[in-house]
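K.L.:
Got a structure for you, query-v6.cif, holding mmCIF, C-alpha atoms.
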data_run
#
loop_
_atom_site.label_atom_id
_atom_site.label_comp_id
_atom_site.auth_asym_id
_atom_site.auth_seq_id
_atom_site.Cartn_x
_atom_site.Cartn_y
_atom_site.Cartn_z
CA MET A 1 138.24 168.68 23.99
CA ASP A 2 138.04 169.02 20.17
CA GLU A 3 134.65 170.68 20.40
CA LEU A 4 135.95 173.11 22.99
CA ALA A 5 138.99 173.97 20.80
CA ASP A 6 136.75 174.55 17.77
CA GLU A 7 134.49 176.77 19.81
CA LEU A 8 137.43 178.85 21.05
CA TYR A 9 138.75 179.13 17.50
CA VAL A 10 135.38 180.35 16.23
CA LYS A 11 135.12 182.91 19.04
CA GLN A 12 138.56 184.28 18.23
CA ASN A 13 138.17 184.42 14.36
CA TRP A 14 134.63 185.63 13.58
CA ARG A 15 135.56 189.31 13.45
CA GLY A 16 138.05 189.00 10.57
CA PRO A 17 135.69 187.34 8.07
CA LEU A 18 132.90 189.74 9.02
CA ILE A 19 135.08 192.82 8.38
CA ARG A 20 136.29 191.39 5.07
CA ARG A 21 132.71 190.72 3.91
CA VAL A 22 131.59 194.25 4.84
CA LEU A 23 134.58 195.80 3.06
CA LEU A 24 133.93 193.61 0.03
CA LEU A 25 130.27 194.68 -0.04
CA VAL A 26 131.20 198.37 0.27
CA GLY A 27 133.79 197.96 -2.53
CA ALA A 28 131.22 196.28 -4.77
CA CYS A 29 128.72 199.10 -4.09
CA LEU A 30 131.34 201.76 -4.90
CA LEU A 31 132.22 199.96 -8.13
CA LEU A 32 128.54 199.82 -9.06
CA GLY A 33 128.24 203.52 -8.23
CA LEU A 34 131.24 204.30 -10.41
CA ILE A 35 129.63 202.50 -13.35
CA SER A 36 126.15 204.01 -12.80
CA GLY A 37 127.25 207.33 -11.46
CA GLN A 38 124.89 206.88 -8.41
CA TYR A 39 127.19 206.24 -5.45
CA ALA A 40 124.55 206.93 -2.76
CA TRP A 41 121.90 204.69 -4.28
CA ALA A 42 124.41 201.94 -4.85
CA LEU A 43 125.46 202.03 -1.17
CA VAL A 44 121.81 202.17 -0.02
CA LEU A 45 120.82 199.21 -2.18
CA GLY A 46 123.85 197.15 -1.25
CA LEU A 47 123.67 197.77 2.50
CA GLY A 48 119.84 197.39 2.45
CA GLY A 49 120.15 194.03 0.73
CA TYR A 50 122.78 192.96 3.24
CA LEU A 51 120.56 194.07 6.13
CA GLY A 52 117.56 192.26 4.59
CA TRP A 53 119.60 189.08 4.35
CA HIS A 54 120.50 189.35 8.08
CA LEU A 55 116.86 189.95 8.96
CA ARG A 56 115.87 186.86 6.98
CA GLN A 57 118.43 184.74 8.85
CA LEU A 58 117.20 186.21 12.17
CA LEU A 59 113.60 185.31 11.27
CA ARG A 60 114.72 181.74 10.41
CA LEU A 61 116.37 181.46 13.85
CA HIS A 62 113.25 182.85 15.55
CA GLN A 63 111.02 180.44 13.64
CA TRP A 64 113.22 177.50 14.59
CA LEU A 65 113.26 178.50 18.29
CA ARG A 66 109.47 178.91 18.30
CA THR A 67 108.50 175.70 16.49
CA ARG A 68 111.44 173.35 17.01
CA GLN A 69 110.87 169.80 18.24
CA ALA A 70 113.03 167.92 20.72
CA ASN A 71 116.60 167.37 19.41
CA GLU A 72 115.75 169.11 16.08
CA PRO A 73 118.96 170.72 14.70
CA PRO A 74 119.03 174.45 13.80
CA PRO A 75 118.62 175.50 10.12
CA ASP A 76 121.54 175.50 7.72
CA GLY A 77 123.33 178.72 6.90
CA TYR A 78 126.59 180.20 5.65
CA GLY A 79 128.81 183.05 6.57
CA LEU A 80 128.40 184.56 10.01
CA TRP A 81 124.97 183.01 10.43
CA GLY A 82 126.33 179.61 9.51
CA GLU A 83 128.79 179.95 12.37
CA VAL A 84 125.96 181.05 14.70
CA PHE A 85 123.85 178.04 13.71
CA ASP A 86 126.84 175.71 14.07
CA ASN A 87 127.57 177.04 17.58
CA ILE A 88 123.93 176.58 18.55
CA TYR A 89 124.10 173.03 17.21
CA HIS A 90 127.25 172.26 19.25
CA LEU A 91 125.68 173.74 22.39
CA GLN A 92 122.57 171.68 21.75
CA ARG A 93 124.59 168.48 21.40
CA ARG A 94 126.60 169.24 24.52
CA ASP A 95 123.42 169.98 26.47
CA GLN A 96 121.90 166.69 25.28
CA LYS A 97 124.95 164.77 26.45
CA ALA A 98 124.91 166.54 29.86
CA ARG A 99 121.20 165.83 30.27
CA GLY A 100 121.80 162.22 29.28
CA ARG A 101 124.49 161.86 31.96
CA LEU A 102 122.29 163.49 34.59
CA GLN A 103 119.33 161.31 33.61
CA ALA A 104 121.53 158.22 33.90
CA VAL A 105 122.56 159.26 37.43
CA ILE A 106 118.91 159.94 38.36
CA ASP A 107 117.87 156.56 36.94
CA ARG A 108 120.56 154.77 38.95
CA VAL A 109 119.56 156.59 42.16
CA GLN A 110 115.90 155.76 41.58
CA GLU A 111 116.70 152.12 40.83
CA SER A 112 118.85 151.79 43.95
CA THR A 113 116.28 153.45 46.21
CA ALA A 114 113.49 151.37 44.65
CA ALA A 115 115.41 148.25 45.77
CA LEU A 116 115.47 149.46 49.40
CA LYS A 117 113.12 147.89 51.92
CA ASP A 118 112.98 151.22 53.73
CA ALA A 119 110.69 153.95 52.41
CA VAL A 120 112.42 157.06 51.02
CA ILE A 121 110.23 160.15 50.59
CA MET A 122 111.31 163.57 49.31
CA LEU A 123 109.29 166.59 50.45
CA ASP A 124 109.49 170.27 49.64
CA ARG A 125 109.89 172.93 52.32
CA ASP A 126 106.10 173.00 52.89
CA GLY A 127 105.83 169.22 53.36
CA ASN A 128 104.39 168.43 49.91
CA LEU A 129 105.29 165.11 48.32
CA GLU A 130 107.80 165.37 45.48
CA TRP A 131 109.06 161.79 45.03
CA TRP A 132 108.99 158.42 46.81
CA ASN A 133 110.12 154.85 46.19
CA LEU A 134 108.13 151.62 45.99
CA ALA A 135 108.62 150.82 49.68
CA ALA A 136 106.74 154.03 50.58
CA GLU A 137 103.72 152.73 48.69
CA LYS A 138 103.85 149.44 50.60
CA LEU A 139 104.44 150.92 54.07
CA LEU A 140 102.39 154.14 53.89
CA GLY A 141 99.94 153.42 51.07
CA LEU A 142 101.11 156.27 48.84
CA GLN A 143 99.72 156.14 45.31
CA THR A 144 101.39 157.26 42.08
CA PRO A 145 100.63 159.78 40.62
CA GLN A 146 97.54 160.78 42.60
CA ASP A 147 99.43 161.72 45.78
CA SER A 148 102.13 163.79 44.08
CA GLY A 149 102.05 167.34 45.49
CA GLN A 150 99.89 166.34 48.46
CA LEU A 151 100.76 167.35 52.03
CA ILE A 152 102.29 164.42 53.91
CA THR A 153 100.14 165.29 56.95
CA ASN A 154 97.02 164.77 54.82
CA LEU A 155 98.09 161.21 54.09
CA VAL A 156 99.59 160.24 57.49
CA ARG A 157 96.95 161.65 59.83
CA ASP A 158 98.08 160.28 63.18
CA PRO A 159 98.06 163.26 65.64
CA ARG A 160 101.47 162.23 66.98
CA PHE A 161 102.99 162.33 63.49
CA ILE A 162 101.42 165.74 62.77
CA GLU A 163 102.78 167.11 66.05
CA TYR A 164 106.22 165.60 65.33
CA PHE A 165 106.36 166.83 61.74
CA GLU A 166 105.15 170.37 62.45
CA GLY A 167 107.38 170.64 65.53
CA SER A 168 110.52 170.63 63.30
CA ASN A 169 112.51 168.85 66.03
CA TYR A 170 113.82 165.75 64.29
CA GLN A 171 116.68 164.77 66.61
CA GLU A 172 114.85 161.63 67.74
CA PRO A 173 112.88 159.26 65.46
CA LEU A 174 109.15 158.70 65.86
CA GLU A 175 107.53 155.26 66.15
CA LEU A 176 103.93 154.78 65.01
CA PRO A 177 101.65 152.06 63.62
CA SER A 178 101.41 151.98 59.84
CA PRO A 179 98.43 153.99 58.51
CA ILE A 180 97.39 150.99 56.37
CA ASN A 181 98.17 148.14 58.81
CA ASP A 182 97.86 148.49 62.59
CA ARG A 183 99.97 145.36 63.13
CA CYS A 184 102.93 146.95 61.34
CA ARG A 185 105.14 149.29 63.39
CA LEU A 186 107.06 152.03 61.60
CA GLN A 187 109.93 154.31 62.58
CA PHE A 188 110.08 157.78 60.98
CA HIS A 189 113.34 159.71 60.47
CA VAL A 190 113.17 163.24 59.01
CA THR A 191 116.25 165.13 57.78
CA GLN A 192 116.46 168.67 56.40
CA TYR A 193 118.69 169.36 53.39
CA GLY A 194 119.19 171.93 50.64
CA ASN A 195 116.80 174.87 50.75
CA ARG A 196 114.89 173.50 53.77
CA GLU A 197 113.62 170.50 51.77
CA LEU A 198 112.92 167.36 53.77
CA LEU A 199 113.99 163.74 53.33
CA MET A 200 111.93 161.21 55.28
CA LEU A 201 113.05 157.63 55.85
CA VAL A 202 110.52 155.09 57.13
CA ARG A 203 111.61 151.69 58.46
CA ASP A 204 109.55 148.64 59.32
CA ILE A 205 110.50 147.81 62.93
CA THR A 206 107.63 145.42 63.61
CA ARG A 207 109.96 142.58 64.61
CA LEU A 208 111.97 144.77 66.99
CA TYR A 209 108.76 146.20 68.43
CA GLN A 210 107.37 142.70 69.05
CA LEU A 211 110.59 141.63 70.78
CA GLU A 212 110.47 144.77 72.94
CA GLN A 213 106.86 144.09 73.82
CA MET A 214 107.74 140.50 74.77
CA ARG A 215 110.48 141.82 77.04
CA LYS A 216 108.14 144.34 78.66
CA ASP A 217 105.41 141.73 79.14
CA PHE A 218 107.88 139.26 80.61
CA VAL A 219 109.26 141.79 83.10
CA ALA A 220 105.77 142.97 84.06
CA ASN A 221 104.42 139.43 84.50
CA VAL A 222 107.42 138.21 86.49
CA SER A 223 107.35 141.30 88.69
CA HIS A 224 103.64 140.85 89.31
CA GLU A 225 103.99 137.14 90.10
CA LEU A 226 106.84 137.75 92.54
CA ARG A 227 104.91 140.29 94.58
CA THR A 228 102.74 137.70 96.33
CA PRO A 229 105.53 135.38 97.55
CA LEU A 230 107.64 138.35 98.59
CA THR A 231 104.74 139.79 100.54
CA VAL A 232 104.26 136.46 102.34
CA ILE A 233 107.98 136.16 103.10
CA ALA A 234 108.17 139.75 104.34
CA GLY A 235 105.12 139.20 106.54
CA TYR A 236 106.59 136.11 108.22
CA LEU A 237 109.94 137.84 108.71
CA GLU A 238 108.22 140.80 110.33
CA THR A 239 106.29 138.43 112.63
CA LEU A 240 109.49 136.61 113.64
CA LEU A 241 111.30 139.89 114.35
CA ASP A 242 108.36 141.18 116.39
CA ASN A 243 108.73 138.06 118.57
CA VAL A 244 112.50 138.05 118.54
CA GLU A 245 112.70 136.94 122.21
CA ALA A 246 111.18 133.60 121.21
CA VAL A 247 113.75 133.11 118.45
CA ASN A 248 117.25 131.75 118.88
CA PRO A 249 119.56 134.78 119.13
CA ARG A 250 121.85 133.27 116.52
CA TRP A 251 119.08 133.80 113.96
CA LEU A 252 118.53 137.50 114.75
CA ARG A 253 121.17 138.89 112.37
CA ALA A 254 120.10 136.51 109.61
CA LEU A 255 116.46 137.54 109.96
CA GLN A 256 117.36 141.23 109.89
CA GLN A 257 119.42 140.80 106.71
CA MET A 258 116.63 138.78 105.11
CA GLN A 259 114.15 141.53 105.92
CA GLN A 260 116.48 144.19 104.52
CA GLN A 261 117.05 142.32 101.26
CA GLY A 262 113.35 141.51 101.00
CA GLY A 263 112.59 145.21 101.27
CA ARG A 264 115.07 145.98 98.51
CA MET A 265 113.47 143.30 96.34
CA GLN A 266 110.03 144.79 96.92
CA SER A 267 111.32 148.25 95.98
CA LEU A 268 112.82 146.80 92.80
CA LEU A 269 109.55 145.09 91.86
CA ASN A 270 107.60 148.28 92.52
CA ASP A 271 109.95 150.23 90.21
CA LEU A 272 109.70 147.56 87.51
CA LEU A 273 105.92 147.61 87.68
CA LEU A 274 105.92 151.40 87.53
CA LEU A 275 108.15 151.30 84.43
CA ALA A 276 105.84 148.74 82.81
CA LYS A 277 102.88 151.03 83.51
CA LEU A 278 104.70 154.05 82.06
CA GLU A 279 105.58 152.14 78.90
CA ALA A 280 102.03 150.85 78.39
CA THR A 281 100.71 154.21 77.10
CA ASP A 282 102.18 157.24 75.37
CA TYR A 283 100.50 159.98 77.41
CA PRO A 284 99.29 160.27 81.02
CA SER A 285 95.60 159.52 81.50
CA ASP A 286 95.23 162.33 84.08
CA ASN A 287 96.56 165.35 82.21
CA GLN A 288 95.62 168.17 84.60
CA PRO A 289 97.51 171.31 85.72
CA VAL A 290 99.75 170.41 88.67
CA ALA A 291 100.89 172.95 91.26
CA VAL A 292 104.58 172.09 91.04
CA ASP A 293 105.62 174.52 93.81
CA LEU A 294 103.46 172.69 96.37
CA LEU A 295 104.60 169.33 95.02
CA LEU A 296 108.26 170.30 95.41
CA LEU A 297 107.62 171.61 98.93
CA SER A 298 106.30 168.18 99.91
CA ILE A 299 109.27 166.46 98.26
CA LYS A 300 111.66 168.79 100.09
CA SER A 301 110.12 167.77 103.43
CA ASP A 302 110.59 164.08 102.55
CA ALA A 303 114.18 164.78 101.49
CA LEU A 304 114.94 166.45 104.84
CA ALA A 305 113.55 163.40 106.61
CA LEU A 306 115.70 161.14 104.41
CA SER A 307 118.78 163.25 105.15
CA ALA A 308 118.17 162.96 108.93
CA GLU A 309 121.48 163.32 110.82
CA ARG A 310 123.53 163.93 107.65
CA GLY A 311 122.52 167.59 107.81
CA HIS A 312 122.09 168.47 104.14
CA ARG A 313 121.23 172.08 103.33
CA ILE A 314 118.26 171.84 100.96
CA SER A 315 116.94 175.06 99.36
CA LEU A 316 113.85 175.45 97.19
CA GLU A 317 113.11 178.24 94.72
CA ALA A 318 109.82 177.72 92.84
CA ASP A 319 107.59 180.02 90.80
CA PRO A 320 104.21 179.79 92.58
CA HIS A 321 102.32 180.94 89.46
CA LEU A 322 103.70 178.30 87.10
CA LYS A 323 101.81 175.01 86.77
CA LEU A 324 102.51 171.97 84.63
CA LYS A 325 100.00 169.86 82.70
CA GLY A 326 100.43 166.18 83.45
CA SER A 327 100.04 163.41 86.01
CA GLU A 328 100.82 164.53 89.55
CA ALA A 329 101.68 160.97 90.65
CA GLU A 330 104.12 160.48 87.77
CA LEU A 331 105.71 163.92 88.24
CA ARG A 332 106.10 163.26 91.97
CA SER A 333 107.86 159.99 91.18
CA ALA A 334 110.26 161.64 88.72
CA PHE A 335 111.03 164.74 90.80
CA SER A 336 111.45 162.80 94.04
CA ASN A 337 113.87 160.40 92.31
CA LEU A 338 116.06 163.33 91.31
CA VAL A 339 115.95 164.98 94.75
CA PHE A 340 116.42 161.73 96.72
CA ASN A 341 119.37 160.74 94.50
CA ALA A 342 120.98 164.08 95.35
CA VAL A 343 120.46 163.36 99.06
CA LYS A 344 121.85 159.81 98.79
CA TYR A 345 124.99 160.67 96.86
CA THR A 346 125.86 164.06 98.40
CA PRO A 347 128.21 163.87 101.43
CA ALA A 348 127.00 164.96 104.87
CA ALA A 349 126.45 168.71 105.29
CA GLY A 350 126.36 169.09 101.50
CA GLU A 351 124.19 171.59 99.65
CA ILE A 352 121.23 170.72 97.41
CA GLN A 353 119.37 173.35 95.38
CA ILE A 354 115.93 172.81 93.82
CA ARG A 355 114.71 175.39 91.31
CA TRP A 356 111.47 175.58 89.30
CA TRP A 357 111.05 178.39 86.74
CA GLY A 358 109.65 179.25 83.32
CA ASP A 359 110.76 181.20 80.24
CA GLU A 360 109.96 181.52 76.53
CA GLN A 361 111.12 177.94 75.85
CA GLY A 362 108.85 176.40 78.50
CA ALA A 363 109.15 175.25 82.12
CA HIS A 364 112.27 173.89 83.83
CA LEU A 365 113.17 172.00 87.00
CA ALA A 366 116.80 171.86 88.13
CA VAL A 367 118.21 169.78 91.00
CA ARG A 368 121.80 170.75 91.80
CA ASP A 369 124.17 169.27 94.37
CA ASN A 370 127.82 169.71 95.34
CA GLY A 371 128.52 165.99 95.64
CA PRO A 372 131.38 163.97 94.11
CA GLY A 373 130.12 164.38 90.54
CA ILE A 374 130.04 161.89 87.68
CA GLU A 375 132.61 161.20 84.97
CA ALA A 376 131.62 162.40 81.50
CA LYS A 377 131.84 158.87 80.03
CA HIS A 378 128.95 157.73 82.27
CA LEU A 379 126.54 160.57 81.47
CA PRO A 380 125.03 159.18 78.21
CA ARG A 381 124.13 155.89 79.94
CA LEU A 382 122.78 157.15 83.25
CA THR A 383 119.13 156.69 82.23
CA GLU A 384 119.63 153.05 81.20
CA ARG A 385 118.03 150.42 83.41
CA PHE A 386 120.30 149.02 86.12
CA TYR A 387 123.28 151.06 84.93
CA ARG A 388 125.66 151.68 87.83
CA VAL A 389 128.37 154.32 87.92
CA ASP A 390 129.81 152.62 91.01
CA SER A 391 128.19 149.36 92.04
CA SER A 392 129.60 149.48 95.57
CA ARG A 393 128.29 152.99 96.17
CA ALA A 394 124.90 152.03 94.74
CA SER A 395 124.59 149.04 97.03
CA ASN A 396 125.40 151.23 100.02
CA THR A 397 122.58 153.66 99.15
CA GLY A 398 120.06 150.87 98.55
CA GLY A 399 119.13 152.05 95.06
CA THR A 400 117.45 149.80 92.51
CA GLY A 401 119.18 151.24 89.46
CA LEU A 402 115.85 152.20 87.92
CA GLY A 403 115.34 155.72 89.28
CA LEU A 404 116.68 157.68 86.31
CA ALA A 405 115.02 155.26 83.88
CA ILE A 406 111.71 156.13 85.55
CA VAL A 407 112.56 159.84 85.29
CA LYS A 408 113.32 159.47 81.57
CA HIS A 409 110.03 157.69 80.81
CA VAL A 410 107.95 160.15 82.83
CA LEU A 411 109.55 163.06 80.96
CA LEU A 412 108.98 161.39 77.60
CA ARG A 413 105.30 161.00 78.44
CA HIS A 414 105.21 164.72 79.25
CA ARG A 415 107.05 165.70 76.02
CA ALA A 416 110.09 166.73 78.05
CA ARG A 417 113.79 165.85 78.14
CA LEU A 418 116.46 165.41 80.81
CA GLU A 419 119.75 167.32 80.69
CA ILE A 420 122.64 166.15 82.91
CA VAL A 421 125.71 168.28 83.64
CA SER A 422 128.35 167.02 86.03
CA SER A 423 132.00 167.58 86.96
CA LEU A 424 134.13 165.38 89.21
CA GLY A 425 134.55 166.97 92.61
CA LYS A 426 132.13 169.82 91.83
CA GLY A 427 128.71 168.17 91.84
CA SER A 428 125.92 167.51 89.35
CA THR A 429 122.90 169.30 87.93
CA PHE A 430 119.87 167.40 86.61
CA THR A 431 117.51 169.64 84.62
CA CYS A 432 114.08 168.70 83.26
CA HIS A 433 113.01 170.83 80.27
CA PHE A 434 109.26 170.91 79.53
CA PRO A 435 107.91 172.49 76.31
CA ALA A 436 105.83 175.66 76.48
CA LEU A 437 102.61 173.80 75.60
CA GLN A 438 102.88 171.84 78.88
CA ALA A 439 103.27 174.95 81.05
CA VAL A 440 100.27 176.82 82.47
CA ARG A 441 100.33 180.13 84.26
CA ARG A 442 98.10 180.21 87.31
CA GLY A 443 94.92 182.11 86.53
CA GLN A 444 94.91 181.15 82.84
#
Would you mind writing the file out in structure tokens?
P.N.:
Amino acid sequence: MDELADELYVKQNWRGPLIRRVLLLVGACLLLGLISGQYAWALVLGLGGYLGWHLRQLLRLHQWLRTRQANEPPPDGYGLWGEVFDNIYHLQRRDQKARGRLQAVIDRVQESTAALKDAVIMLDRDGNLEWWNLAAEKLLGLQTPQDSGQLITNLVRDPRFIEYFEGSNYQEPLELPSPINDRCRLQFHVTQYGNRELLMLVRDITRLYQLEQMRKDFVANVSHELRTPLTVIAGYLETLLDNVEAVNPRWLRALQQMQQQGGRMQSLLNDLLLLAKLEATDYPSDNQPVAVDLLLLSIKSDALALSAERGHRISLEADPHLKLKGSEAELRSAFSNLVFNAVKYTPAAGEIQIRWWGDEQGAHLAVRDNGPGIEAKHLPRLTERFYRVDSSRASNTGGTGLGLAIVKHVLLRHRARLEIVSSLGKGSTFTCHFPALQAVRRGQ
């Protein structure tokens, strides 16, 4: 506060001393002219000397600015130039203190981030490395200072990371093996800030990944092992029901229920095995253009057969020129799940609309019904395994609770996402959005 008051005082009082000095100089020159009788030459010599003194002080300031070392104070002076040099000195001290405070904050931030187990990487708007902590060197193999200014995609060369980073869609994190250790699994989070700079956080999720793999392996192995005994049981039940006249009539209802539940168990195992297969790889092995219009026409025929006497009105609108790159078997499984769910949960004589179209954003499939709808609180969890909106209704339809989970995984493998819009009493719309790179126009 004292420095600020002094500075304000100097700003307000420099004019008075300057005017007094000039008047004193002019008076001295006039007195000299009176003595010598040369008023003009006296004024010229006096004002020239005064101007030369100012030029000398200006040259001293220029020399100091050009050759000064760090924290070197300005030259000494008196009069107006003394005040100028003093103000420069105060500004210099204040700037040093401000820089010291900022450097202390930077040091604390760097020390705190260096203590993190997660990697923190700062990138400019073009993806060049600006700063990183010690964890980034351990997880990604970055080297100081050789990698400073390098493109992050030149150092992390996994095609999935390059596609993720250049896609600029960072809503979901990306999981990849570490570029320096295949047994280490990393999760990448990218956030934009400031003038489109990027902050990337990298976490070691190896333990979580191993637990998830154990769960997947357990489910897949158990499902596979249960298929054989269930097949044997179902075969014997079918044989007994085919020869029902030789069986005690009291056992008929029990055998029918056993066969029904055995069929549900086989459907559940088939869905679990399909999910395990979908999770085993990131992309479909058969990535060929699929004629979606013909695929949907086949699914519509199956849906009409499933509807039977319930009399659903099922309409199909599909662009015949728009194909989709991917696995036809997986796409059939996902699309049929959406359409068959609409048939199961829409009341008799209800309306179901299937639409397939494309635009600048990509390709889209929408399945709309006018059924009972779903409460908003259930929508975020619909794609979870075995999640039931209404367990009694689900048991009546014979669902396994895995249909939408299968849809989600198929879409992820095709770089797509599922959008669900629903209102109670008005129906639901399930829309699959595929990126433009997956869509193919017929004839291309």
K.L.:
Write out as a PDB file with C-alpha atoms, keeping the file's coordinate frame each polymer residue whose atoms come within 12 Å of Lys216 in chain A, counting all atoms listed in the file; drop sequence neighbours fewer than 5 positions from it.
P.N.:
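Result file out-v2.pdb:
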ATOM      1  CA  TYR A 209     108.760 146.200  68.430  1.00  0.00           C
ATOM      2  CA  GLN A 210     107.370 142.700  69.050  1.00  0.00           C
ATOM      3  CA  LEU A 211     110.590 141.630  70.780  1.00  0.00           C
ATOM      4  CA  ASN A 221     104.420 139.430  84.500  1.00  0.00           C
ATOM      5  CA  VAL A 222     107.420 138.210  86.490  1.00  0.00           C
ATOM      6  CA  SER A 223     107.350 141.300  88.690  1.00  0.00           C
ATOM      7  CA  LEU A 272     109.700 147.560  87.510  1.00  0.00           C
ATOM      8  CA  LEU A 273     105.920 147.610  87.680  1.00  0.00           C
ATOM      9  CA  LEU A 274     105.920 151.400  87.530  1.00  0.00           C
ATOM     10  CA  LEU A 275     108.150 151.300  84.430  1.00  0.00           C
ATOM     11  CA  ALA A 276     105.840 148.740  82.810  1.00  0.00           C
ATOM     12  CA  LYS A 277     102.880 151.030  83.510  1.00  0.00           C
ATOM     13  CA  LEU A 278     104.700 154.050  82.060  1.00  0.00           C
ATOM     14  CA  GLU A 279     105.580 152.140  78.900  1.00  0.00           C
ATOM     15  CA  ALA A 280     102.030 150.850  78.390  1.00  0.00           C
TER      16      ALA A 280
END
K.L.:
I need the residue set behind the PyMOL selection byres ((chain A and resi 440) around 6) for this file; please write it as an MDAnalysis selection string.
P.N.:
chainID A and resid 322:324 439 441
K.L.:
Using only C-alpha atoms - which residues lie no farther than 7 Å from the point (109.4, 162.3, 56.8) in the file's frame? Write them as a PyMOL selection string.
P.N.:
chain A and resi 121+188-190+198-201
K.L.:
At what distance in Å, to one decimal, does CA of Ser428 in chain A lie from CA of Ala348 in chain A?
P.N.:
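Separating CA of Ala348 in chain A from CA of Ser428 in chain A is a distance of 15.8 Å.
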K.L.:
Which of these residues is nearest to Leu412 in chain A, using all atoms listed in the file: A:Glu245, A:Glu309, A:Asp107, A:Glu330?
P.N.:
A:Glu330
K.L.:
Which residue gives the smallest distance to Arg160 in chain A among A:Glu360, A:Arg415, A:Lys325, A:Leu45, with all atoms listed in the file counted?
P.N.:
A:Arg415
K.L.:
When you draw a straight line from CA of Glu384 in chain A to CA of Lys408 in chain A, how long is it in Å?
P.N.:
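It comes out at 9.0 Å.
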K.L.:
Between A:Cys432, A:Met214, A:Leu268, A:Cys184, which is the closest to Phe335 in chain A once you count all atoms listed in the file?
P.N.:
A:Cys432
K.L.:
Between CA of Tyr193 in chain A and CA of Gly127 in chain A, what distance in Å does the model show, to one decimal?
P.N.:
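Interatomic distance here is 12.9 Å.
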K.L.:
I want to know what sits within 10 Å of range 149-157 of chain A, based on all atoms listed in the file, with residues of the same chain fewer than 3 positions away left out; could you give that as a PyMOL selection string?
P.N.:
chain A and resi 121+123-124+126-131+140-142+145-146+160-163+165-166+178-180
K.L.:
Could you write those residues out with C-alpha atoms, as a compact mmCIF listing (two decimals), in the coordinates of the input?
P.N.:
# COMPACT_ATOMS: atom_id res chain seq x y z
CA ILE A 121 110.23 160.15 50.59
CA LEU A 123 109.29 166.59 50.45
CA ASP A 124 109.49 170.27 49.64
CA ASP A 126 106.10 173.00 52.89
CA GLY A 127 105.83 169.22 53.36
CA ASN A 128 104.39 168.43 49.91
CA LEU A 129 105.29 165.11 48.32
CA GLU A 130 107.80 165.37 45.48
CA TRP A 131 109.06 161.79 45.03
CA LEU A 140 102.39 154.14 53.89
CA GLY A 141 99.94 153.42 51.07
CA LEU A 142 101.11 156.27 48.84
CA PRO A 145 100.63 159.78 40.62
CA GLN A 146 97.54 160.78 42.60
CA ARG A 160 101.47 162.23 66.98
CA PHE A 161 102.99 162.33 63.49
CA ILE A 162 101.42 165.74 62.77
CA GLU A 163 102.78 167.11 66.05
CA PHE A 165 106.36 166.83 61.74
CA GLU A 166 105.15 170.37 62.45
CA SER A 178 101.41 151.98 59.84
CA PRO A 179 98.43 153.99 58.51
CA ILE A 180 97.39 150.99 56.37
K.L.:
Take the PyMOL selection byres ((chain A and resi 361) around 10), apply it to the structure above, and return the hits as a VMD selection string.
P.N.:
chain A and resid 358 to 360 362 to 364 433 to 437 439
K.L.:
Write to file, as a tab-separated table (two decimals), keeping the file's coordinate frame, the residues of the selection just made, with C-alpha atoms.
P.N.:
chain	number	residue	atom	x	y	z
A	358	GLY	CA	109.65	179.25	83.32
A	359	ASP	CA	110.76	181.20	80.24
A	360	GLU	CA	109.96	181.52	76.53
A	362	GLY	CA	108.85	176.40	78.50
A	363	ALA	CA	109.15	175.25	82.12
A	364	HIS	CA	112.27	173.89	83.83
A	433	HIS	CA	113.01	170.83	80.27
A	434	PHE	CA	109.26	170.91	79.53
A	435	PRO	CA	107.91	172.49	76.31
A	436	ALA	CA	105.83	175.66	76.48
A	437	LEU	CA	102.61	173.80	75.60
A	439	ALA	CA	103.27	174.95	81.05
K.L.:
Give me the result of the PyMOL selection byres ((chain A and resi 294-298) around 12) on this file, residue by residue, as a ChimeraX atom specification.
P.N.:
/A:289-293,299-305,314-324,327-340,353-356,365-367
K.L.:
From the options A:Val84, A:Leu61, A:Ala220, A:Val202, which residue's atoms come nearest to Ala135 in chain A, counting all atoms listed in the file?
P.N.:
A:Val202
K.L.:
Kindly indicate which residue among A:Lys426, A:Ile352, A:Leu24, A:Met265 lies nearest to Gly401 in chain A, using all atoms listed in the file for the distances.
P.N.:
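Closest to Gly401 in chain A of all the choices is A:Met265.
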K.L.:
Considering only C-alpha atoms, return as JSON, numbers by chain whatever protein or nucleic-acid residues lie within 10 Å of range 236-242 of chain A, sequence-local ones (same chain, fewer than 6 positions apart) excluded.
P.N.:
{"A": [230, 251, 252, 255, 256, 258, 259, 262]}
K.L.:
List as a count of residues only the protein and nucleic acid residues near Ile420 in chain A, meaning an atom at most 12 Å away when all atoms listed in the file are counted, but skip any in the same chain fewer than 2 places from it.
P.N.:
29
K.L.:
Nearest to Pro74 in chain A: which of A:Arg93, A:Arg185, A:Arg56, A:Arg385 is it, counting only C-alpha atoms?
P.N.:
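Closest residue, counting only C-alpha atoms: A:Arg93.
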